[in-house]
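Asks: Can you read through this structure? Questions will come right after.
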Amino acid sequence: IPIVYSYTTKDHINHTTLCCHKTNKLHSFQTAIISSLFNNTIDIPIVYSYTMKSQRVSHNSSLNALKDLVDADDKSVLTVSLSSSTLSDAAGDGAEGDDAISTEPPSCEFCCAFDANSHRVRGKNYNRDKKKVEAGPSLFRYFAADVVEVDEYVREGFCNLPNERVQLALKREQEMHSKGLPSDMPPYIVAVNIIMPGPPKYHLVFYYAVDDMSIIDGTDGTPSSKLANQFFFGDSDAFREKTFKLIPRIAKGNRLVKKAVGTTPVIIGNKIATTFVRDDRFCEIICDVTSSTVAKKVCSLVNSYAKSLVVEMGYLLEGDDSTVLPERIFGCIRLNHIDITQLRRIEMKEEGNNSTMLR
């Protein structure tokens, strides 16, 4: 693929490197670009610039989002140029980004994944030495986000809504299997649904595909799989509440907001009401920010600065002994300058005992 990267450092020295050069710090950025090509996430114009503090680019990151990422403590500015022929060649490759489950309804353009390895998590011997280690790659594959304005909060879970992506994918799966064809529905989906205080009332729902069930059913022999099996398939919501953990970070934004949000990992169930909607094919974790006065104030502050913020969140299960350590992040999400006045809107309409949706 004919890709040339050029960047200028703070000392105004110009550098250029080809895509075949894998020994410098641009290698992970190169991986992101190539993956984005084959996931059809690059738009024209095809020249992008952004400022980078460190290697935070993952193979899941879209350039639509990366072009807006500017760290406050930047070290270098990078420009990427791509040929139109490269785009057209890549677009016809049938990549997973073209799956209907990612596009029906359209995924939120303000959201993308990022490199989980930029976080540090509890190591194997954390209980003894209190050392944290690099998290490594995310366990699950991020594929879509819904940032949706509502009249009334959807507390029964987005994965159960008949006109939203998970139920639509399950319906397609039945139709495809009846014809002997594969579908875009992964074996299992994990969704994180954050109920945000208004106005406007809205949900942040992030979807992750589990493409290999052995990483969550305890059969791959890893500590994280053992813990995930108890979390996703066990009977105790109390265990799930004390295990689900969030690592927040404001990558770019107002100092007041950065201080209010912080970067300390938190057990969500200890701070706000957390419920779990489970099915054979999915688990939706619903985090109700409106249940806590303190959390509401922090999120209201974030809402007021949303268009100027880059917010990053990593999700994981807390390991409390060596049999379930080291910890692994199962999914990450980055919200780039989100505009809460430009959200997809759904309305719930009651018909007898059933709820339907008006888009």
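In the structure tokens, the first chain shown is A, the next is B, and so on; residue numbers restart at 1 for each chain, and ligands run from 1 in the order shown.
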Residues of region 145-174 of chain A that approach region 272-287 of chain A to 12 Å or less, counting only C-alpha atoms: could you list each one with the shortest pair of atoms and its distance in Å to one decimal, rows by chain and increasing residue number, as a Markdown table?

Replies:
```
| residue | atom | partner | partner_atom | distance |
| --- | --- | --- | --- | --- |
| A:Tyr153 | CA | A:Ile286 | CA | 11.0 |
| A:Val154 | CA | A:Ile286 | CA | 9.6 |
| A:Arg155 | CA | A:Ile286 | CA | 7.5 |
| A:Glu156 | CA | A:Val277 | CA | 7.3 |
| A:Gly157 | CA | A:Val277 | CA | 6.5 |
| A:Phe158 | CA | A:Glu284 | CA | 7.9 |
| A:Cys159 | CA | A:Glu284 | CA | 6.9 |
| A:Asn160 | CA | A:Val277 | CA | 8.6 |
| A:Leu161 | CA | A:Val277 | CA | 11.9 |
| A:Val166 | CA | A:Phe282 | CA | 8.6 |
| A:Gln167 | CA | A:Arg281 | CA | 10.3 |
| A:Ala169 | CA | A:Arg281 | CA | 11.0 |
| A:Leu170 | CA | A:Arg281 | CA | 9.0 |
| A:Glu173 | CA | A:Arg281 | CA | 11.9 |
```

Asks: Using only C-alpha atoms, which residues sit within 12 Å of Leu168 (chain A) once same-chain residues fewer than 6 positions away are excluded, as a list in words?

Replies: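 Once the adjacent positions are removed, what remains is Ala100, Ile101, Ser102, Thr103, Glu104, Pro105, Phe158, Cys159, Asn160, Leu161, Pro162, Gln174, Glu175, Ser183, Asp184 and Met185 of chain A.
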
Asks: Quick one: distance from CA of Val205 (chain A) to CA of Cys112 (chain A) in Å, one decimal?

Replies: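 Atom-to-atom, CA of Val205 (chain A) to CA of Cys112 (chain A), that is 12.2 Å.
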
Asks: Nearest residue to Val298 (chain A) out of A:Ile267, A:Met313, A:Leu256, A:Ile338, using only C-alpha atoms?

Replies: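 The shortest atom-to-atom distance to Val298 (chain A) comes from A:Leu256.
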
Asks: If you run DSSP on this backbone, which residues of region 184-279 of chain A come out as strand (DSSP E or B), and could you give them as an MDAnalysis selection string?

Replies: chainID A and resid 188:196 202:210 244:252 266:267 273:278

Asks: How far is it from CA of Arg328 (chain A) to CA of Asn125 (chain A), in Å with one decimal?

Replies: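 Interatomic distance, CA of Arg328 (chain A) to CA of Asn125 (chain A): 14.1 Å.
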
Asks: Can you tell me which residues surround Asp211 (chain A) at a distance of at most 12 Å, considering only C-alpha atoms, apart from same-chain residues fewer than 6 positions away, and format the answer as a ChimeraX atom specification?

Replies: /A:139-143,184-190,281

Asks: Of the candidates A:Arg172, A:His203, A:Lys130, A:Arg249, which one gets nearest to Cys332 (chain A) if we count only C-alpha atoms?

Replies: A:Arg249

Asks: Could you pull out the alpha helix (DSSP H) residues of region 138-283 of chain A, going by DSSP on the backbone, and write them as a PyMOL selection string?

Replies: chain A and resi 165-178+223-233+237-243+255-261
